[in-house]
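Participant: Next comes the structure file target-v2.cif, holding mmCIF, C-alpha atoms and all ligand atoms.
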```cif
data_model
#
loop_
_atom_site.label_atom_id
_atom_site.label_comp_id
_atom_site.auth_asym_id
_atom_site.auth_seq_id
_atom_site.Cartn_x
_atom_site.Cartn_y
_atom_site.Cartn_z
CA PHE A 1 81.99 57.54 52.24
CA CYS A 2 84.10 56.26 55.08
CA GLY A 3 84.38 57.09 58.78
CA PHE A 4 82.41 60.26 59.61
CA ASP A 5 82.42 61.75 56.08
CA TRP A 6 78.77 60.93 55.46
CA LEU A 7 77.76 62.51 58.78
CA ILE A 8 79.59 65.76 57.94
CA THR A 9 77.98 65.82 54.46
CA LEU A 10 74.53 65.37 56.01
CA ALA A 11 75.11 68.14 58.56
CA LEU A 12 76.28 70.57 55.83
CA PHE A 13 73.22 69.70 53.71
CA ALA A 14 70.85 70.35 56.65
CA ALA A 15 72.61 73.63 57.48
CA ASN A 16 72.29 74.77 53.84
CA ILE A 17 68.57 74.07 53.83
CA ARG A 18 68.15 76.02 57.08
CA ILE A 19 70.00 79.00 55.58
CA MET A 20 67.94 78.89 52.37
CA VAL A 21 64.55 78.72 54.11
CA HIS A 22 64.60 79.73 57.75
CA GLN A 23 61.53 78.44 59.52
CA ARG A 24 60.07 79.05 62.98
CA SER A 25 57.07 77.26 64.52
CA ILE A 26 54.55 78.66 67.01
CA ARG A 27 52.17 76.27 68.81
CA ILE A 28 48.61 77.48 69.30
CA VAL A 29 45.44 76.29 71.01
CA ASP A 30 42.21 77.90 69.71
CA SER A 31 38.97 78.13 71.65
CA HIS A 32 35.83 80.21 71.78
CA THR A 33 34.02 81.57 74.82
CA ALA A 34 30.31 82.12 74.16
CA GLY A 35 31.25 82.51 70.47
CA GLU A 36 34.23 84.88 70.88
CA PRO A 37 37.55 83.36 69.78
CA THR A 38 40.76 83.16 71.83
CA ARG A 39 44.05 82.03 70.28
CA VAL A 40 46.55 81.03 72.98
CA VAL A 41 50.27 80.81 72.13
CA ILE A 42 51.55 77.89 74.19
CA ASP A 43 55.04 77.44 72.70
CA GLY A 44 57.50 79.09 70.30
CA GLY A 45 56.81 82.70 71.38
CA PRO A 46 59.55 85.05 72.61
CA LYS A 47 61.03 84.50 76.07
CA LEU A 48 60.05 87.58 78.03
CA THR A 49 62.18 88.89 80.89
CA GLY A 50 59.62 91.34 82.40
CA ARG A 51 58.75 90.55 86.03
CA THR A 52 55.01 91.23 85.98
CA ALA A 53 52.36 90.56 83.32
CA PHE A 54 52.19 94.32 82.81
CA GLU A 55 55.95 94.50 82.15
CA LYS A 56 55.72 91.45 79.87
CA ARG A 57 52.97 93.11 77.85
CA GLU A 58 55.07 96.26 77.39
CA GLU A 59 58.08 94.13 76.35
CA LEU A 60 55.95 92.22 73.85
CA ARG A 61 54.57 95.47 72.44
CA ARG A 62 58.04 97.06 72.21
CA ASP A 63 60.25 94.19 71.03
CA HIS A 64 58.12 91.34 69.68
CA ASP A 65 54.99 92.81 68.10
CA TRP A 66 55.50 90.33 65.23
CA LEU A 67 53.91 87.63 67.42
CA ARG A 68 50.63 89.56 67.57
CA THR A 69 50.52 90.39 63.85
CA CYS A 70 51.57 86.91 62.77
CA GLY A 71 48.89 85.21 64.89
CA LEU A 72 45.96 87.60 64.53
CA SER A 73 46.26 89.50 61.24
CA GLU A 74 45.15 87.99 57.98
CA PRO A 75 45.84 85.56 56.40
CA ARG A 76 45.94 83.52 59.66
CA GLY A 77 43.59 85.50 61.91
CA TYR A 78 40.85 88.12 61.68
CA GLU A 79 39.81 91.19 63.61
CA ALA A 80 37.37 89.53 66.06
CA MET A 81 40.07 87.20 67.34
CA VAL A 82 41.82 87.84 70.66
CA GLY A 83 45.26 86.37 71.25
CA ALA A 84 46.93 85.44 74.52
CA LEU A 85 50.56 84.66 75.18
CA LEU A 86 50.71 82.07 77.93
CA CYS A 87 53.48 83.14 80.34
CA GLU A 88 54.96 81.96 83.58
CA SER A 89 54.09 84.12 86.57
CA ASP A 90 56.53 85.12 89.29
CA ARG A 91 53.65 85.31 91.75
CA ASP A 92 53.27 82.40 94.18
CA ASP A 93 49.47 82.74 94.00
CA CYS A 94 49.25 82.41 90.19
CA VAL A 95 49.49 79.25 88.11
CA ALA A 96 50.18 81.24 84.93
CA GLY A 97 50.14 84.65 83.34
CA GLY A 98 48.46 85.88 80.20
CA VAL A 99 49.09 88.87 77.96
CA PHE A 100 46.12 89.65 75.70
CA PHE A 101 46.16 91.30 72.28
CA ASN A 102 44.04 91.77 69.18
CA SER A 103 44.60 92.67 65.54
CA VAL A 104 45.28 96.35 66.39
CA GLY A 105 47.05 96.29 69.76
CA TYR A 106 47.09 95.11 73.39
CA LEU A 107 44.38 94.77 76.05
CA ASN A 108 44.54 95.36 79.81
CA GLY A 109 42.27 92.50 80.81
CA CYS A 110 40.06 90.15 78.88
CA ILE A 111 37.58 87.91 80.64
CA HIS A 112 36.40 85.83 77.69
CA GLY A 113 40.11 85.44 76.88
CA THR A 114 40.89 84.40 80.46
CA ILE A 115 38.11 81.81 80.32
CA GLY A 116 39.58 80.58 77.00
CA LEU A 117 43.10 80.50 78.43
CA VAL A 118 41.96 78.59 81.52
CA GLN A 119 40.03 76.08 79.36
CA THR A 120 43.23 75.68 77.34
CA LEU A 121 45.17 74.87 80.53
CA VAL A 122 42.50 72.29 81.39
CA HIS A 123 42.72 70.85 77.86
CA LEU A 124 46.52 70.54 78.19
CA GLY A 125 46.15 68.77 81.55
CA ILE A 126 47.99 71.57 83.38
CA ILE A 127 45.08 72.33 85.74
CA SER A 128 41.79 70.70 86.71
CA ALA A 129 38.68 71.65 88.71
CA GLY A 130 39.41 74.16 91.51
CA ASP A 131 40.60 77.75 91.99
CA HIS A 132 43.55 79.11 89.99
CA GLY A 133 45.20 82.53 90.07
CA ILE A 134 46.02 84.08 86.67
CA GLU A 135 48.19 87.16 86.36
CA THR A 136 47.08 89.69 83.73
CA PRO A 137 48.30 93.23 82.95
CA ALA A 138 45.10 94.54 84.65
CA GLY A 139 45.92 92.60 87.83
CA ARG A 140 45.48 89.15 89.34
CA VAL A 141 42.20 87.37 88.63
CA THR A 142 41.02 84.05 90.07
CA ALA A 143 39.45 81.41 87.84
CA GLN A 144 37.26 78.74 89.36
CA VAL A 145 36.90 75.68 87.14
CA ASP A 146 33.86 73.60 88.04
CA ASP A 147 33.08 70.00 87.16
CA SER A 148 30.29 70.98 84.77
CA GLY A 149 32.74 72.75 82.42
CA SER A 150 31.89 76.32 83.46
CA ILE A 151 34.60 78.75 84.48
CA SER A 152 34.01 81.71 86.82
CA VAL A 153 36.51 84.53 86.80
CA ARG A 154 36.74 86.84 89.81
CA ASN A 155 37.81 90.03 88.10
CA VAL A 156 39.74 93.13 89.18
CA PRO A 157 37.88 95.95 91.04
CA SER A 158 35.37 97.62 88.74
CA TYR A 159 33.72 101.03 89.04
CA ARG A 160 31.81 103.80 87.33
CA ILE A 161 33.48 107.19 87.15
CA ALA A 162 30.67 109.18 85.48
CA ALA A 163 26.94 108.71 84.85
CA GLY A 164 24.65 110.36 82.31
CA VAL A 165 27.43 111.79 80.13
CA SER A 166 26.07 113.45 76.94
CA VAL A 167 27.98 113.14 73.72
CA SER A 168 26.92 114.65 70.44
CA VAL A 169 27.36 112.08 67.66
CA PRO A 170 27.23 113.35 64.05
CA ASP A 171 24.40 111.68 62.07
CA TRP A 172 23.12 109.87 65.18
CA GLY A 173 22.19 112.72 67.56
CA THR A 174 22.96 113.09 71.26
CA VAL A 175 23.79 109.88 73.08
CA VAL A 176 23.84 109.68 76.89
CA GLY A 177 25.91 107.04 78.65
CA ASP A 178 28.07 106.04 81.62
CA ILE A 179 31.86 105.70 81.78
CA ALA A 180 33.04 102.63 83.70
CA TRP A 181 36.11 100.42 84.18
CA GLY A 182 35.78 96.62 84.23
CA GLY A 183 39.40 95.80 83.27
CA ASN A 184 39.05 97.97 80.12
CA TRP A 185 37.33 101.35 79.64
CA PHE A 186 33.72 101.31 78.46
CA PHE A 187 31.07 103.83 77.43
CA LEU A 188 27.73 102.17 78.22
CA VAL A 189 24.59 103.39 76.43
CA ASN A 190 21.04 102.32 75.77
CA ASN A 191 20.38 101.54 72.13
CA THR A 192 19.14 104.66 70.31
CA SER A 193 20.36 103.58 66.87
CA GLY A 194 16.93 102.48 65.65
CA PHE A 195 18.41 99.07 64.81
CA PRO A 196 17.53 96.15 67.07
CA LEU A 197 20.45 94.20 68.55
CA HIS A 198 20.28 91.38 66.00
CA LEU A 199 23.14 89.88 64.06
CA GLU A 200 21.62 91.04 60.76
CA HIS A 201 22.17 94.67 61.90
CA ALA A 202 25.76 94.11 63.05
CA GLY A 203 27.09 96.37 60.27
CA ARG A 204 24.90 99.39 61.20
CA LEU A 205 25.41 98.81 64.94
CA THR A 206 29.16 98.77 64.35
CA GLN A 207 28.93 102.13 62.49
CA TYR A 208 26.84 103.58 65.35
CA ALA A 209 29.31 102.39 68.00
CA ILE A 210 32.35 103.60 66.02
CA ALA A 211 30.69 107.03 65.64
CA ILE A 212 30.11 107.18 69.42
CA ARG A 213 33.71 106.18 70.18
CA GLN A 214 35.06 108.76 67.71
CA SER A 215 32.84 111.48 69.23
CA LEU A 216 34.08 110.62 72.75
CA ALA A 217 37.66 111.07 71.55
CA ASP A 218 36.85 114.29 69.62
CA GLN A 219 35.07 115.80 72.64
CA GLY A 220 37.87 114.86 75.08
CA ILE A 221 35.71 112.39 77.05
CA VAL A 222 38.16 109.95 78.61
CA GLY A 223 38.72 107.50 81.48
CA THR A 224 40.96 108.05 84.52
CA ASP A 225 44.39 109.51 83.73
CA SER A 226 43.09 110.54 80.29
CA ALA A 227 42.83 106.90 79.20
CA GLU A 228 41.10 106.40 75.86
CA ILE A 229 37.62 104.84 76.10
CA ASP A 230 38.18 102.16 73.49
CA HIS A 231 35.11 99.93 74.05
CA VAL A 232 31.46 100.95 73.49
CA GLU A 233 28.69 98.81 74.96
CA ILE A 234 25.11 99.17 73.72
CA PHE A 235 22.18 97.71 75.70
CA ASP A 236 18.66 96.68 74.85
CA SER A 237 15.97 94.29 76.10
CA PRO A 238 16.91 90.63 75.85
CA SER A 239 15.45 88.47 73.05
CA ASP A 240 14.21 86.05 75.73
CA PRO A 241 13.48 87.79 79.07
CA ALA A 242 13.07 84.39 80.72
CA SER A 243 16.75 83.58 80.21
CA ALA A 244 18.54 86.97 80.28
CA ASP A 245 18.21 90.33 82.03
CA SER A 246 19.71 92.37 79.21
CA LYS A 247 21.33 92.02 75.79
CA ASN A 248 24.42 93.90 74.61
CA PHE A 249 26.46 94.71 71.53
CA VAL A 250 30.10 95.52 72.30
CA LEU A 251 32.48 97.30 69.96
CA CYS A 252 36.11 96.31 70.50
CA PRO A 253 39.19 98.44 69.64
CA SER A 254 39.76 96.47 66.40
CA ASN A 255 36.28 97.63 65.19
CA ALA A 256 35.07 94.05 65.47
CA TYR A 257 32.08 93.39 67.71
CA ASP A 258 32.45 90.97 70.57
CA ARG A 259 30.66 87.71 69.75
CA SER A 260 30.32 87.05 73.50
CA PRO A 261 28.63 89.34 76.07
CA CYS A 262 32.18 90.66 76.86
CA GLY A 263 33.37 89.86 80.37
CA THR A 264 35.10 93.16 81.13
CA GLY A 265 32.05 94.91 79.60
CA THR A 266 29.70 92.89 81.81
CA SER A 267 31.90 93.84 84.80
CA ALA A 268 31.54 97.54 83.88
CA LYS A 269 27.76 97.02 83.56
CA LEU A 270 27.59 95.39 87.02
CA ALA A 271 29.46 98.39 88.49
CA CYS A 272 26.86 100.76 86.97
CA LEU A 273 23.89 98.65 88.09
CA PHE A 274 25.31 98.41 91.61
CA SER A 275 25.90 102.18 91.80
CA ASP A 276 22.29 102.75 90.70
CA GLY A 277 20.98 100.33 93.37
CA ARG A 278 19.65 98.04 90.63
CA LEU A 279 21.81 95.05 91.61
CA HIS A 280 22.24 93.50 95.05
CA LEU A 281 25.09 91.53 96.54
CA ASP A 282 23.25 88.18 96.36
CA GLN A 283 21.85 88.64 92.85
CA THR A 284 22.98 87.00 89.58
CA TRP A 285 22.83 89.19 86.46
CA ARG A 286 22.30 87.29 83.20
CA GLN A 287 23.95 89.22 80.39
CA ALA A 288 23.25 88.08 76.83
CA GLY A 289 25.45 89.08 73.91
CA ILE A 290 24.66 89.56 70.25
CA LEU A 291 24.56 85.75 69.68
CA ASP A 292 22.24 85.34 72.70
CA THR A 293 24.96 83.43 74.51
CA ARG A 294 25.17 84.41 78.19
CA PHE A 295 27.57 85.37 80.94
CA TYR A 296 26.38 85.22 84.55
CA GLY A 297 27.64 88.02 86.80
CA SER A 298 27.61 88.63 90.53
CA VAL A 299 29.31 91.21 92.73
CA GLU A 300 30.99 91.66 96.10
CA MET A 301 32.25 94.89 97.61
CA ALA A 302 35.90 95.73 96.92
CA ASN A 303 38.18 96.54 99.86
CA GLN A 304 38.96 100.21 99.90
CA ALA A 305 42.28 101.12 98.32
CA ASN A 306 43.85 104.38 97.19
CA ASP A 307 43.70 103.61 93.52
CA ILE A 308 39.97 102.75 93.30
CA PRO A 309 36.90 104.94 93.94
CA PRO A 310 34.74 104.24 97.04
CA GLY A 311 31.88 101.87 96.21
CA SER A 312 33.92 99.81 93.74
CA ILE A 313 32.87 96.21 93.30
CA ILE A 314 34.61 92.93 92.51
CA PRO A 315 32.64 91.21 89.75
CA THR A 316 32.67 87.47 89.11
CA ILE A 317 31.79 86.43 85.56
CA LYS A 318 30.80 82.86 84.72
CA GLY A 319 30.91 81.44 81.19
CA GLN A 320 31.96 78.45 79.15
CA ALA A 321 34.69 77.95 76.56
CA PHE A 322 35.30 75.15 74.08
CA VAL A 323 38.70 74.26 72.66
CA ASN A 324 38.22 73.95 68.90
CA GLY A 325 41.69 73.69 67.45
CA GLU A 326 45.35 72.90 67.96
CA LEU A 327 47.72 74.11 65.32
CA THR A 328 51.27 75.04 64.49
CA LEU A 329 51.91 78.37 62.79
CA ILE A 330 54.86 78.26 60.41
CA ILE A 331 56.90 81.41 59.91
CA ASN A 332 58.78 80.88 56.67
CA SER A 333 61.38 83.52 55.76
CA ALA A 334 60.38 83.18 52.09
CA ASP A 335 56.73 84.11 52.83
CA PRO A 336 56.11 87.86 52.33
CA PHE A 337 53.09 87.68 54.69
CA ARG A 338 54.73 85.54 57.39
CA PHE A 339 54.03 88.31 59.94
CA GLY A 340 50.52 89.01 58.62
CA ILE A 341 49.21 91.43 56.02
CA PRO A 342 49.93 94.97 57.26
CA TYR A 343 47.01 97.43 57.15
O1 LIG B 1 35.57 89.37 77.48
O2 LIG B 1 36.61 90.99 78.52
C1 LIG B 1 36.25 90.42 77.48
C2 LIG B 1 36.67 90.99 76.18
C3 LIG B 1 37.37 92.15 75.97
C4 LIG B 1 37.54 92.28 74.60
C5 LIG B 1 36.97 91.17 74.00
N1 LIG B 1 36.44 90.40 74.99
#
```
If you took the structure in this file and wrote it as structure tokens, what would it be?
Ligand code: PYC
Facilitator:
Amino acid sequence: FCGFDWLITLALFAANIRIMVHQRSIRIVDSHTAGEPTRVVIDGGPKLTGRTAFEKREELRRDHDWLRTCGLSEPRGYEAMVGALLCESDRDDCVAGGVFFNSVGYLNGCIHGTIGLVQTLVHLGIISAGDHGIETPAGRVTAQVDDSGSISVRNVPSYRIAAGVSVSVPDWGTVVGDIAWGGNWFFLVNNTSGFPLHLEHAGRLTQYAIAIRQSLADQGIVGTDSAEIDHVEIFDSPSDPASADSKNFVLCPSNAYDRSPCGTGTSAKLACLFSDGRLHLDQTWRQAGILDTRFYGSVEMANQANDIPPGSIIPTIKGQAFVNGELTLIINSADPFRFGIPY
């Protein structure tokens, strides 16, 4: 070899390897909030051109759904996992944006996921204690990071649109519940399954909740603008009344149950309690989830606006997340399941 010959040979060799096995890397930070996992894509995802988080979510859904399936479907993920694509926000009052998804589709808002995303930003040294705006497809939320490691998220306006709705559920009888919005649509019921809200009954509780959700759809019971009610929230007495006011079991759209008390679900619950006069403006509601981990909720009145019913509240949900992994996903063109196992 003389002159630049060896350099040209090296470049051709590298190019050949790239053609033979094309590889793409996605950088991830994993965390859990009260037991519920959040997988945040921090680098290597598609560059989105949408202006708002809502537009970005629709672009992701339409043009880049591979990111969701590759991160959350097996063999890399599982159905309880929620993913978030960390985005820039065009808003001056937001430090970042987040688009949330799961193994079957996309979410409007996700409070445990927002707490996980904010903890990820703290972990990366991007933010520290203080107030930070985050843009989500459901609207802007504010996250307050405190020195003790807790994160409080001031959510979007939440409200109940119907109380005491009866639904006939094959094999389970008539179930009566409320329909409320807390950033996602929820049907909230007291537990009539006959199975206590304990982890050992998660399978039967999941069947009960799926049957309720299916019956809502079959009987045309929907949210505003005919939106599907895709979350079911079941309540019972807390395991330890000294540390919680209520315990829940929340079915998510992927048919997984939320390991946390579900932040948007707790927001919907606060809206119902407030409408019933069972929660006051200066009160803290302690909501336990199926693992007996807790979110702490409080409410303020929402300013009246055309798109929300009178009496809507703004919930603030406090919880804690722990970063438990940093990894690089490798998308190898030779791998038949590089975008996840389809099902
Ligand atoms: O915490 O809002 C939440 C949530 C929604 C779905 C799973 N977790």
Participant: Counting all atoms listed in the file, which residues of chain A sit at most 8 Å from some atom of ligand LIG 1 (chain B), and what is each one's closest atom pair with its distance in Å to one decimal, listed by chain and rising residue number, as a tab-separated table?
Facilitator:
```
residue	atom	partner	partner_atom	distance
A:Glu36	CA	B:LIG1	N1	7.2
A:Val82	CA	B:LIG1	C5	6.8
A:Leu107	CA	B:LIG1	C4	7.4
A:Gly109	CA	B:LIG1	O2	6.3
A:Cys110	CA	B:LIG1	O2	3.6
A:Ile111	CA	B:LIG1	O2	3.9
A:His112	CA	B:LIG1	O1	3.6
A:Gly113	CA	B:LIG1	O1	6.0
A:Thr114	CA	B:LIG1	O1	7.9
A:Gly183	CA	B:LIG1	O2	7.3
A:Asn184	CA	B:LIG1	C3	7.3
A:Cys252	CA	B:LIG1	C4	5.9
A:Asp258	CA	B:LIG1	C5	5.7
A:Ser260	CA	B:LIG1	O1	7.0
A:Pro261	CA	B:LIG1	O1	7.1
A:Cys262	CA	B:LIG1	O1	3.7
A:Gly263	CA	B:LIG1	O1	3.7
A:Thr264	CA	B:LIG1	O2	3.7
A:Gly265	CA	B:LIG1	O2	6.1
A:Thr266	CA	B:LIG1	O2	7.9
```
Participant: For a quick check of understanding, using only C-alpha atoms, which of A:Arg24, A:Asp218, A:Phe187, A:Thr224 has the smallest distance to Ile330 (chain A)?
Facilitator: A:Arg24
Participant: Which residue is closest to Ala162 (chain A)? Choose from A:Val104, A:Cys272, A:Ala143, A:Ala80 and count all atoms listed in the file.
Facilitator: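 So, comparing all the options, the nearest one is A:Cys272.
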Participant: List every residue of region 268-328 of chain A that has an atom at most 10 Å from any atom of region 39-46 of chain A, and for each one report the closest atom pair and its distance in Å to one decimal, counting only C-alpha atoms, with rows sorted by chain and then by increasing residue number, as JSON lines.
Facilitator:
```
{"residue": "A:Val323", "atom": "CA", "partner": "A:Arg39", "partner_atom": "CA", "distance": 9.7}
{"residue": "A:Gly325", "atom": "CA", "partner": "A:Arg39", "partner_atom": "CA", "distance": 9.1}
{"residue": "A:Glu326", "atom": "CA", "partner": "A:Arg39", "partner_atom": "CA", "distance": 9.5}
{"residue": "A:Leu327", "atom": "CA", "partner": "A:Val41", "partner_atom": "CA", "distance": 9.9}
{"residue": "A:Thr328", "atom": "CA", "partner": "A:Asp43", "partner_atom": "CA", "distance": 9.3}
```
Participant: Kindly give the distance, in Å, that separates CA of Ile331 (chain A) and CA of Leu117 (chain A), rounded to a single decimal.
Facilitator: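 So the two atoms, CA of Ile331 (chain A) and CA of Leu117 (chain A), lie 23.1 Å apart.
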Participant: Tell me which of A:Asn102, A:Asn108, A:Asn191, A:Thr52 sits closest to Thr69 (chain A), counting all atoms listed in the file.
Facilitator: A:Asn102
Participant: I want to know what sits within 8 Å of Val167 (chain A), based on all atoms listed in the file, with residues of the same chain fewer than 5 positions away left out; could you give that as a count of residues only?
Facilitator: 7
Participant: By how many Å are CA of Thr120 (chain A) and CA of Ile317 (chain A) apart?
Facilitator: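 So the answer is 17.7 Å.
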Participant: Using Å and a single decimal, report how far CA of Arg154 (chain A) sits from CA of Gln283 (chain A).
Facilitator: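 That distance, rounded to one decimal, is 15.3 Å.
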Participant: Go through A:Ala268, A:Ala305, A:Val189, A:Leu279 and flag the residue nearest Phe249 (chain A), using all atoms listed in the file for the distances.
Facilitator: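 The answer is A:Val189, which sits nearest to Phe249 (chain A).
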Participant: Looking at A:Asp230, A:Tyr257, A:Gly164, A:Asn155, which one is nearest to His201 (chain A), with distances taken over all atoms listed in the file?
Facilitator: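 Closest residue, counting all atoms listed in the file: A:Tyr257.
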Participant: Return the single residue from A:Phe337, A:Glu74, A:Asp225, A:Trp66 that is closest to Asp307 (chain A), with distances computed using all atoms listed in the file.
Facilitator: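 Of A:Phe337, A:Glu74, A:Asp225, A:Trp66, the one nearest Asp307 (chain A) is A:Asp225, counting all atoms listed in the file.
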Participant: Could you pull the residues within 9 Å of Asp240 (chain A), counting all atoms listed in the file, minus those fewer than 4 positions along the same chain, as a ChimeraX atom specification?
Facilitator: /A:244-245,292
Participant: Neighbouring residues of Val122 (chain A) were defined as those with any atom within 12 Å, considering all atoms listed in the file; residues of the same chain fewer than 5 positions away were excluded. Please report them as a ChimeraX atom specification.
Facilitator: /A:29,31,95,115-117,127-130,132,143-147,149-151,321-323
Participant: Starting from the incomplete input, reconstruct N, CA and C atoms of region 157-177 of chain A and report them as a compact mmCIF listing (two decimals), in the coordinates of the input.
Facilitator:
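Result saved to rebuild_32.txt:
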```txt
# COMPACT_ATOMS: atom_id res chain seq x y z
N PRO A 157 38.90 94.99 90.61
CA PRO A 157 37.88 95.95 91.04
C PRO A 157 37.35 96.75 89.85
N SER A 158 36.03 96.93 89.85
CA SER A 158 35.37 97.62 88.74
C SER A 158 34.55 98.77 89.30
N TYR A 159 34.40 99.84 88.51
CA TYR A 159 33.72 101.03 89.04
C TYR A 159 33.28 101.95 87.91
N ARG A 160 32.27 102.76 88.26
CA ARG A 160 31.81 103.80 87.33
C ARG A 160 32.43 105.12 87.76
N ILE A 161 32.92 105.87 86.78
CA ILE A 161 33.48 107.19 87.15
C ILE A 161 32.57 108.33 86.75
N ALA A 162 31.59 108.10 85.86
CA ALA A 162 30.67 109.18 85.48
C ALA A 162 29.39 108.57 84.95
N ALA A 163 28.25 109.20 85.32
CA ALA A 163 26.94 108.71 84.85
C ALA A 163 26.25 109.81 84.05
N GLY A 164 25.45 109.40 83.06
CA GLY A 164 24.65 110.36 82.31
C GLY A 164 25.48 111.37 81.53
N VAL A 165 26.56 110.90 80.91
CA VAL A 165 27.43 111.79 80.13
C VAL A 165 26.84 111.95 78.72
N SER A 166 26.64 113.20 78.28
CA SER A 166 26.07 113.45 76.94
C SER A 166 27.19 113.61 75.93
N VAL A 167 27.02 112.96 74.80
CA VAL A 167 27.98 113.14 73.72
C VAL A 167 27.19 113.36 72.43
N SER A 168 27.62 114.34 71.68
CA SER A 168 26.92 114.65 70.44
C SER A 168 27.58 113.85 69.31
N VAL A 169 26.79 113.02 68.64
CA VAL A 169 27.36 112.08 67.66
C VAL A 169 26.83 112.44 66.26
N PRO A 170 27.70 112.95 65.38
CA PRO A 170 27.23 113.35 64.05
C PRO A 170 26.43 112.24 63.37
N ASP A 171 25.33 112.58 62.78
CA ASP A 171 24.40 111.68 62.07
C ASP A 171 23.55 110.80 62.99
N TRP A 172 23.87 110.75 64.28
CA TRP A 172 23.12 109.87 65.18
C TRP A 172 22.46 110.64 66.32
N GLY A 173 22.80 111.91 66.50
CA GLY A 173 22.19 112.72 67.56
C GLY A 173 22.94 112.64 68.88
N THR A 174 22.31 113.10 69.93
CA THR A 174 22.96 113.09 71.26
C THR A 174 22.75 111.73 71.91
N VAL A 175 23.84 111.19 72.41
CA VAL A 175 23.79 109.88 73.08
C VAL A 175 24.24 110.10 74.52
N VAL A 176 23.52 109.49 75.46
CA VAL A 176 23.84 109.68 76.89
C VAL A 176 24.29 108.33 77.46
N GLY A 177 25.41 108.32 78.14
CA GLY A 177 25.91 107.04 78.65
C GLY A 177 26.77 107.20 79.89
```
